[in-house]
>>> print(open('query-v4.txt').read())   # compact mmCIF, C-alpha atoms and all ligand atoms
# COMPACT_ATOMS: atom_id res chain seq x y z
CA MET A 226 -3.92 20.80 39.08
CA PRO A 227 -3.79 23.61 36.53
CA PRO A 228 -5.64 22.93 33.29
CA ILE A 229 -3.57 21.71 30.33
CA PRO A 230 -3.34 24.53 27.81
CA LEU A 231 -4.86 23.67 24.44
CA GLU A 232 -2.07 23.66 21.88
CA ILE A 233 -2.29 22.93 18.19
CA SER A 234 0.06 19.93 18.59
CA HIS A 235 -2.68 18.22 20.59
CA ILE A 236 -5.02 18.26 17.64
CA LYS A 237 -4.49 15.00 15.79
CA LEU A 238 -5.09 14.30 12.12
CA THR A 239 -7.63 11.63 13.12
CA ARG A 240 -9.59 14.36 14.89
CA VAL A 241 -9.39 16.67 11.87
CA ALA A 242 -10.62 13.80 9.64
CA GLY A 243 -13.56 13.18 11.98
CA ASP A 244 -14.49 16.86 12.13
CA TRP A 245 -14.31 17.08 8.34
CA VAL A 246 -16.72 14.23 7.61
CA ALA A 247 -18.96 15.13 10.56
CA GLY A 248 -19.51 18.53 8.94
CA ARG A 249 -21.48 16.76 6.20
CA LEU A 250 -23.30 14.19 8.33
CA GLN A 251 -26.64 14.53 10.01
CA GLU A 252 -29.45 12.32 11.30
CA GLY A 253 -30.48 9.92 8.55
CA GLY A 254 -27.22 10.24 6.61
CA PHE A 255 -25.31 7.52 4.79
CA ALA A 256 -21.61 6.98 5.49
CA VAL A 257 -18.92 4.51 4.46
CA ASP A 258 -15.92 3.34 6.44
CA ALA A 259 -13.58 1.90 3.79
CA THR A 260 -11.17 0.47 6.37
CA VAL A 261 -13.07 -0.62 9.50
CA GLY A 262 -10.13 -1.95 11.52
CA ASN A 263 -11.02 -1.98 15.22
CA GLY A 264 -14.16 0.03 14.49
CA TYR A 265 -13.46 3.41 16.09
CA ASP A 266 -14.18 5.37 12.91
CA THR A 267 -17.22 3.19 12.14
CA LEU A 268 -18.62 3.87 15.59
CA PHE A 269 -17.93 7.59 15.19
CA LEU A 270 -19.86 7.57 11.90
CA ALA A 271 -22.65 5.51 13.50
CA TYR A 272 -23.16 8.21 16.12
CA ARG A 273 -23.22 10.92 13.49
CA VAL A 274 -25.85 9.34 11.22
CA GLY A 275 -28.22 8.72 14.11
CA LYS A 276 -30.71 5.90 14.41
CA THR A 277 -32.31 6.53 11.01
CA GLY A 278 -28.96 6.61 9.19
CA LYS A 279 -26.70 3.88 7.88
CA VAL A 280 -22.99 3.07 7.92
CA LEU A 281 -21.42 0.53 5.59
CA GLY A 282 -17.98 -0.71 6.59
CA PHE A 283 -15.38 -2.82 4.75
CA ASP A 284 -12.38 -4.77 5.93
CA VAL A 285 -10.49 -7.77 4.60
CA GLN A 286 -9.83 -9.19 8.08
CA LYS A 287 -12.32 -11.20 10.11
CA THR A 288 -10.40 -10.25 13.28
CA ALA A 289 -10.94 -6.58 12.53
CA LEU A 290 -14.66 -7.00 11.92
CA ASN A 291 -15.02 -9.09 15.10
CA ASN A 292 -13.32 -6.36 17.15
CA ALA A 293 -15.39 -3.68 15.45
CA SER A 294 -18.72 -5.41 15.89
CA GLU A 295 -17.99 -6.03 19.57
CA LEU A 296 -17.23 -2.33 20.08
CA ILE A 297 -20.30 -1.21 18.13
CA ARG A 298 -22.55 -3.67 19.96
CA PHE A 299 -21.15 -2.52 23.31
CA ALA A 300 -22.01 1.05 22.32
CA GLY A 301 -25.54 0.00 21.32
CA ARG A 302 -25.18 1.18 17.74
CA SER A 303 -25.37 -2.10 15.75
CA ASP A 304 -28.81 -1.22 14.38
CA ARG A 305 -27.39 1.22 11.81
CA VAL A 306 -24.12 -0.51 10.89
CA ARG A 307 -23.47 -3.17 8.24
CA LEU A 308 -19.98 -4.65 8.16
CA ILE A 309 -18.75 -6.37 5.01
CA LEU A 310 -15.86 -8.81 5.00
CA GLY A 311 -14.13 -8.00 1.74
CA CYS A 312 -11.91 -5.66 -0.19
CA HIS A 313 -13.12 -2.09 -0.49
CA SER A 314 -12.29 -2.13 -4.21
CA GLY A 315 -15.50 -4.16 -4.65
CA MET A 316 -17.65 -1.55 -3.03
CA ALA A 317 -19.40 -0.40 -6.23
CA SER A 318 -21.73 -3.40 -6.17
CA ALA A 319 -22.23 -3.16 -2.39
CA LEU A 320 -23.24 0.51 -2.74
CA SER A 321 -25.89 -0.10 -5.37
CA GLY A 322 -29.30 0.08 -3.76
CA TYR A 323 -28.07 2.59 -1.17
CA PRO A 324 -28.46 6.36 -1.38
CA LYS A 325 -25.56 8.54 -2.47
CA VAL A 326 -22.72 8.65 0.06
CA ASP A 327 -22.68 11.69 2.36
CA ALA A 328 -19.29 10.95 3.89
CA ALA A 329 -16.57 8.32 3.79
CA MET A 330 -13.39 7.64 5.72
CA PHE A 331 -10.21 5.81 4.71
CA ASN A 332 -7.74 5.15 7.51
CA LEU A 333 -5.02 3.39 5.53
CA GLY A 334 -2.26 1.04 6.63
CA TYR A 335 -2.46 -2.02 8.87
CA LEU A 336 -4.62 -3.08 11.78
CA PRO A 337 -3.18 -1.73 15.04
CA ARG A 338 -2.15 -4.70 17.24
CA GLY A 339 -2.85 -6.92 14.20
CA ASP A 340 -0.90 -8.53 11.36
CA HIS A 341 1.28 -5.77 9.88
CA ARG A 342 1.66 -7.69 6.62
CA ILE A 343 -1.99 -7.06 5.78
CA VAL A 344 -1.94 -3.46 4.64
CA THR A 345 -3.96 -1.30 2.29
CA ARG A 346 -2.41 -1.01 -1.17
CA PRO A 347 -2.80 1.51 -3.98
CA SER A 348 -3.96 -1.22 -6.38
CA THR A 349 -7.19 -1.49 -4.35
CA THR A 350 -7.30 1.88 -2.55
CA ILE A 351 -7.50 3.85 -5.82
CA PRO A 352 -10.35 1.72 -7.30
CA ALA A 353 -12.20 2.06 -3.98
CA LEU A 354 -11.77 5.83 -4.11
CA LYS A 355 -13.03 5.90 -7.70
CA ALA A 356 -16.11 3.87 -6.74
CA LEU A 357 -16.82 6.26 -3.88
CA LEU A 358 -16.36 9.37 -5.96
CA ASP A 359 -18.92 7.96 -8.45
CA ARG A 360 -21.44 7.61 -5.60
CA LEU A 361 -20.58 10.74 -3.61
CA ALA A 362 -23.54 13.04 -2.88
CA PRO A 363 -23.33 16.75 -3.68
CA ARG A 364 -21.25 18.34 -0.89
CA GLY A 365 -20.26 14.81 0.11
CA ARG A 366 -16.91 14.46 1.85
CA ILE A 367 -14.09 11.92 1.99
CA SER A 368 -11.14 11.79 4.39
CA ILE A 369 -8.03 9.71 3.63
CA LEU A 370 -5.40 9.29 6.31
CA ALA A 371 -2.18 7.95 4.78
CA TYR A 372 0.64 6.66 6.99
CA ARG A 373 4.18 6.88 5.67
CA GLY A 374 6.10 5.23 8.51
CA HIS A 375 5.69 1.59 7.41
CA PRO A 376 7.38 0.00 4.37
CA GLU A 377 4.38 0.17 2.00
CA GLY A 378 3.23 3.58 3.25
CA PRO A 379 5.23 6.03 1.10
CA GLU A 380 4.20 4.36 -2.18
CA GLU A 381 0.55 4.40 -1.18
CA TYR A 382 0.79 8.00 -0.05
CA GLU A 383 2.33 9.01 -3.41
CA SER A 384 -0.38 7.18 -5.37
CA VAL A 385 -3.19 8.73 -3.37
CA ALA A 386 -1.61 12.20 -3.61
CA LYS A 387 -1.27 11.88 -7.39
CA PHE A 388 -4.83 10.62 -7.76
CA VAL A 389 -6.55 13.24 -5.61
CA GLN A 390 -4.49 16.11 -6.99
CA ALA A 391 -5.66 15.17 -10.49
CA LEU A 392 -9.35 15.45 -9.52
CA PRO A 393 -10.97 18.19 -11.57
CA GLU A 394 -11.46 21.53 -9.86
CA PRO A 395 -13.93 23.08 -9.24
CA LEU A 396 -15.96 19.87 -9.25
CA PHE A 397 -13.89 18.59 -6.35
CA ARG A 398 -12.15 20.53 -3.64
CA VAL A 399 -9.03 18.79 -2.29
CA ARG A 400 -6.74 19.66 0.62
CA GLU A 401 -3.70 17.90 2.09
CA ILE A 402 -3.08 18.39 5.78
CA ALA A 403 0.17 17.80 7.65
CA GLY A 404 0.23 17.21 11.40
CA ALA A 405 1.80 19.65 13.85
CA VAL A 406 4.86 17.39 13.93
CA ASP A 407 5.61 16.71 10.26
CA GLY A 408 8.44 14.83 8.57
CA GLN A 409 9.09 12.27 5.84
CA LYS A 410 7.56 9.46 7.88
CA ALA A 411 4.70 11.46 9.35
CA PRO A 412 1.11 10.77 8.26
CA ARG A 413 -0.75 13.05 5.92
CA LEU A 414 -4.47 13.65 5.64
CA PHE A 415 -6.36 14.28 2.40
CA LEU A 416 -9.77 15.93 2.50
CA ILE A 417 -12.06 15.83 -0.55
CA GLU A 418 -15.38 17.56 -1.09
CA ASN A 419 -17.74 17.09 -4.01
CA ARG A 420 -18.67 20.60 -5.12
CA GLY A 421 -21.01 19.37 -7.86
CA PHE A 422 -24.78 19.51 -7.76
C1 LIG B 1 -5.39 1.58 10.10
S1 LIG B 1 -6.53 0.25 10.05
C2 LIG B 1 -8.10 1.09 10.17
C3 LIG B 1 -8.40 1.70 11.52
C4 LIG B 1 -9.88 1.87 11.77
N1 LIG B 1 -10.48 2.82 10.87
C5 LIG B 1 -10.24 2.15 13.21
O1 LIG B 1 -10.97 3.11 13.50
O2 LIG B 1 -9.83 1.36 14.06
C6 LIG B 1 -6.51 -0.26 8.36
C7 LIG B 1 -7.43 -1.42 8.07
O3 LIG B 1 -7.54 -1.56 6.66
C8 LIG B 1 -7.79 -2.92 6.40
N2 LIG B 1 -7.57 -3.23 4.99
C9 LIG B 1 -6.40 -3.55 4.36
N3 LIG B 1 -6.61 -3.76 3.05
C10 LIG B 1 -7.94 -3.56 2.82
C11 LIG B 1 -8.78 -3.65 1.69
N4 LIG B 1 -8.26 -3.95 0.49
N5 LIG B 1 -10.10 -3.42 1.83
C12 LIG B 1 -10.63 -3.10 3.04
N6 LIG B 1 -9.88 -3.01 4.17
C13 LIG B 1 -8.56 -3.23 4.08
C14 LIG B 1 -6.87 -3.64 7.34
O4 LIG B 1 -7.27 -4.97 7.54
C15 LIG B 1 -6.97 -2.75 8.60
O5 LIG B 1 -7.89 -3.29 9.51
>>> encode(input="query-v4.txt", output="structure tokens", more="lines below")
Ligand SMILES: C[S@@+](CC[C@H](N)C(=O)[O-])C[C@H]1O[C@@H](n2cnc3c(N)ncnc32)[C@H](O)[C@@H]1O
Amino acid sequence: MPPIPLEISHIKLTRVAGDWVAGRLQEGGFAVDATVGNGYDTLFLAYRVGKTGKVLGFDVQKTALNNASELIRFAGRSDRVRLILGCHSGMASALSGYPKVDAAMFNLGYLPRGDHRIVTRPSTTIPALKALLDRLAPRGRISILAYRGHPEGPEEYESVAKFVQALPEPLFRVREIAGAVDGQKAPRLFLIENRGF
């Protein structure tokens, strides 16, 4: 069979988000997954920080954390991951005692194959972002993937867009990325970097 040609449409926003945060992570790093879900992003971060690093993950659903911990255990990476059952807006207290955050991921919306009524909301997403920005290391990075195809999505997208666009330059560098197939209901990715020292 001939090889499949690499086209830009095959590069997903999830992949861009991963590449972005990975660019700041190395062995011994500290990362946060603000929306653990089924644990794919948490596991990705766990690989990147290595065995001397740490990943803190938050989710409001026990089902999500059960799925995630099973995946992470299966991959043999539980040693560096701490999962917290609770809203990410309370992360300021959870982060105290930890080093500054090298990288964080928000994958907004609802749990795939889960209860679609339990979704991230701007009233807690924005406070969580603020808490993270307060604890972000120099050159630290945050990715926020916002889905606009579900009922609560557009409002959350607008709130996040407004918030990140108001971050002071040049202290923070912010980019919004659209997928190869864009449209009103298509997801958007925000990338933030702390340019401070
Ligand atoms: C799109 S999923 C995350 C996908 C996940 N990152 C992965 O790799 O599988 C969004 C998750 O956010 C969680 N969530 C919703 N509100 C939350 C909140 N206030 N704090 C933390 N997690 C929340 C949901 O329970 C859901 O599991």
>>> residues_near_ligand(input="query-v4.txt", ligand="ligand LIG 1 (chain B)", cutoff="10 Å", atoms="only C-alpha atoms and all ligand atoms", output="ChimeraX atom specification")
/A:239,258-269,282-290,292-293,309-316,330-350,352-353,370-372
>>> atom_distance(input="query-v4.txt", atom1="atom CA of A:Arg273", atom2="atom CA of A:Gly254")
8.0 Å
>>> atom_distance(input="query-v4.txt", atom1="atom CA of A:Gly421", atom2="atom CA of A:Gly404")
28.8 Å
>>> atom_distance(input="query-v4.txt", atom1="atom CA of A:Leu320", atom2="atom CA of A:Phe397")
20.7 Å
>>> residues_around(input="query-v4.txt", residues="A:Leu358", least_positions_apart="4", cutoff="10 Å", atoms="all atoms listed in the file", output="number ranges by chain")
A: 325-326, 329, 352-354, 362, 365-367, 392, 397, 417-419
>>> residues_around(input="query-v4.txt", residues="A:Tyr323", least_positions_apart="2", cutoff="12 Å", atoms="all atoms listed in the file", output="VMD selection string")
chain A and resid 254 to 257 278 to 281 307 316 to 321 325 to 327 360 to 362
>>> residues_around(input="query-v4.txt", residues="A:Ala242", least_positions_apart="5", cutoff="9 Å", atoms="all atoms listed in the file", output="PDB file with C-alpha atoms, in the frame of the given file")
ATOM      1  CA  LYS A 237      -4.490  15.000  15.790  1.00  0.00           C
ATOM      2  CA  ALA A 247     -18.960  15.130  10.560  1.00  0.00           C
ATOM      3  CA  MET A 330     -13.390   7.640   5.720  1.00  0.00           C
ATOM      4  CA  ILE A 367     -14.090  11.920   1.990  1.00  0.00           C
ATOM      5  CA  SER A 368     -11.140  11.790   4.390  1.00  0.00           C
ATOM      6  CA  ILE A 369      -8.030   9.710   3.630  1.00  0.00           C
ATOM      7  CA  LEU A 370      -5.400   9.290   6.310  1.00  0.00           C
ATOM      8  CA  LEU A 414      -4.470  13.650   5.640  1.00  0.00           C
ATOM      9  CA  PHE A 415      -6.360  14.280   2.400  1.00  0.00           C
ATOM     10  CA  LEU A 416      -9.770  15.930   2.500  1.00  0.00           C
TER      11      LEU A 416
END
>>> decode(input="query-v4.txt", residues="stretch 297-336 of chain A", atoms="N, CA and C atoms", output="tab-separated table (two decimals), in the first residue's frame")
chain	number	residue	atom	x	y	z
A	297	ILE	N	-3.48	5.21	33.55
A	297	ILE	CA	-2.13	5.61	33.99
A	297	ILE	C	-1.42	4.44	34.68
A	298	ARG	N	-2.20	3.66	35.45
A	298	ARG	CA	-1.61	2.49	36.09
A	298	ARG	C	-1.17	1.47	35.05
A	299	PHE	N	-2.03	1.26	34.04
A	299	PHE	CA	-1.71	0.32	32.95
A	299	PHE	C	-0.41	0.72	32.26
A	300	ALA	N	-0.21	2.04	32.14
A	300	ALA	CA	1.00	2.54	31.47
A	300	ALA	C	2.19	2.59	32.42
A	301	GLY	N	1.97	2.26	33.70
A	301	GLY	CA	3.09	2.23	34.66
A	301	GLY	C	3.60	3.62	35.02
A	302	ARG	N	2.69	4.60	35.05
A	302	ARG	CA	3.14	5.96	35.32
A	302	ARG	C	2.46	6.59	36.54
A	303	SER	N	1.87	5.75	37.41
A	303	SER	CA	1.14	6.27	38.58
A	303	SER	C	2.06	6.97	39.57
A	304	ASP	N	3.34	6.60	39.57
A	304	ASP	CA	4.27	7.14	40.56
A	304	ASP	C	4.37	8.66	40.55
A	305	ARG	N	4.12	9.28	39.41
A	305	ARG	CA	4.34	10.73	39.30
A	305	ARG	C	3.03	11.51	39.11
A	306	VAL	N	1.90	10.83	39.29
A	306	VAL	CA	0.60	11.48	39.04
A	306	VAL	C	-0.23	11.52	40.32
A	307	ARG	N	-0.80	12.70	40.61
A	307	ARG	CA	-1.76	12.82	41.72
A	307	ARG	C	-3.07	13.35	41.14
A	308	LEU	N	-4.13	12.58	41.32
A	308	LEU	CA	-5.43	12.98	40.78
A	308	LEU	C	-6.30	13.50	41.92
A	309	ILE	N	-6.93	14.64	41.69
A	309	ILE	CA	-7.75	15.27	42.73
A	309	ILE	C	-9.19	15.35	42.26
A	310	LEU	N	-10.08	14.77	43.05
A	310	LEU	CA	-11.51	14.84	42.75
A	310	LEU	C	-12.03	16.19	43.26
A	311	GLY	N	-12.27	17.10	42.33
A	311	GLY	CA	-12.74	18.42	42.74
A	311	GLY	C	-12.64	19.40	41.59
A	312	CYS	N	-13.26	20.54	41.82
A	312	CYS	CA	-13.31	21.57	40.78
A	312	CYS	C	-11.94	22.26	40.64
A	313	HIS	N	-11.55	22.49	39.40
A	313	HIS	CA	-10.24	23.12	39.18
A	313	HIS	C	-10.19	24.57	39.68
A	314	SER	N	-11.34	25.17	39.96
A	314	SER	CA	-11.30	26.55	40.47
A	314	SER	C	-10.69	26.59	41.88
A	315	GLY	N	-10.61	25.44	42.53
A	315	GLY	CA	-10.00	25.39	43.87
A	315	GLY	C	-8.53	25.01	43.82
A	316	MET	N	-7.92	25.17	42.66
A	316	MET	CA	-6.56	24.64	42.56
A	316	MET	C	-5.51	25.48	43.26
A	317	ALA	N	-5.83	26.73	43.60
A	317	ALA	CA	-4.81	27.57	44.25
A	317	ALA	C	-4.28	26.90	45.51
A	318	SER	N	-5.20	26.37	46.34
A	318	SER	CA	-4.73	25.76	47.59
A	318	SER	C	-4.00	24.44	47.29
A	319	ALA	N	-4.47	23.71	46.29
A	319	ALA	CA	-3.81	22.44	45.95
A	319	ALA	C	-2.39	22.67	45.43
A	320	LEU	N	-2.17	23.82	44.79
A	320	LEU	CA	-0.86	24.09	44.19
A	320	LEU	C	0.16	24.61	45.19
A	321	SER	N	-0.34	25.07	46.35
A	321	SER	CA	0.63	25.60	47.32
A	321	SER	C	1.46	24.41	47.84
A	322	GLY	N	2.74	24.65	47.97
A	322	GLY	CA	3.62	23.55	48.38
A	322	GLY	C	4.27	22.86	47.19
A	323	TYR	N	3.77	23.14	46.00
A	323	TYR	CA	4.39	22.60	44.78
A	323	TYR	C	5.23	23.69	44.13
A	324	PRO	N	6.17	23.28	43.25
A	324	PRO	CA	6.93	24.31	42.53
A	324	PRO	C	6.02	25.05	41.56
A	325	LYS	N	6.56	26.08	40.94
A	325	LYS	CA	5.80	26.81	39.91
A	325	LYS	C	5.47	25.84	38.77
A	326	VAL	N	4.37	26.14	38.08
A	326	VAL	CA	3.86	25.22	37.05
A	326	VAL	C	4.59	25.45	35.72
A	327	ASP	N	5.17	24.39	35.19
A	327	ASP	CA	5.86	24.51	33.89
A	327	ASP	C	4.86	24.48	32.74
A	328	ALA	N	3.84	23.66	32.86
A	328	ALA	CA	2.88	23.55	31.76
A	328	ALA	C	1.54	23.04	32.28
A	329	ALA	N	0.47	23.51	31.65
A	329	ALA	CA	-0.87	23.08	32.06
A	329	ALA	C	-1.76	22.92	30.83
A	330	MET	N	-2.68	21.98	30.92
A	330	MET	CA	-3.62	21.75	29.82
A	330	MET	C	-5.06	21.84	30.32
A	331	PHE	N	-5.90	22.52	29.54
A	331	PHE	CA	-7.35	22.53	29.74
A	331	PHE	C	-7.95	21.93	28.47
A	332	ASN	N	-8.68	20.85	28.63
A	332	ASN	CA	-9.42	20.29	27.49
A	332	ASN	C	-10.88	20.40	27.92
A	333	LEU	N	-11.53	21.48	27.51
A	333	LEU	CA	-12.84	21.85	28.07
A	333	LEU	C	-13.96	20.95	27.55
A	334	GLY	N	-15.16	21.19	28.08
A	334	GLY	CA	-16.33	20.45	27.59
A	334	GLY	C	-16.73	19.32	28.52
A	335	TYR	N	-17.25	18.25	27.95
A	335	TYR	CA	-17.77	17.13	28.74
A	335	TYR	C	-16.92	15.88	28.53
A	336	LEU	N	-17.12	14.92	29.40
A	336	LEU	CA	-16.38	13.67	29.34
A	336	LEU	C	-16.86	12.85	28.14
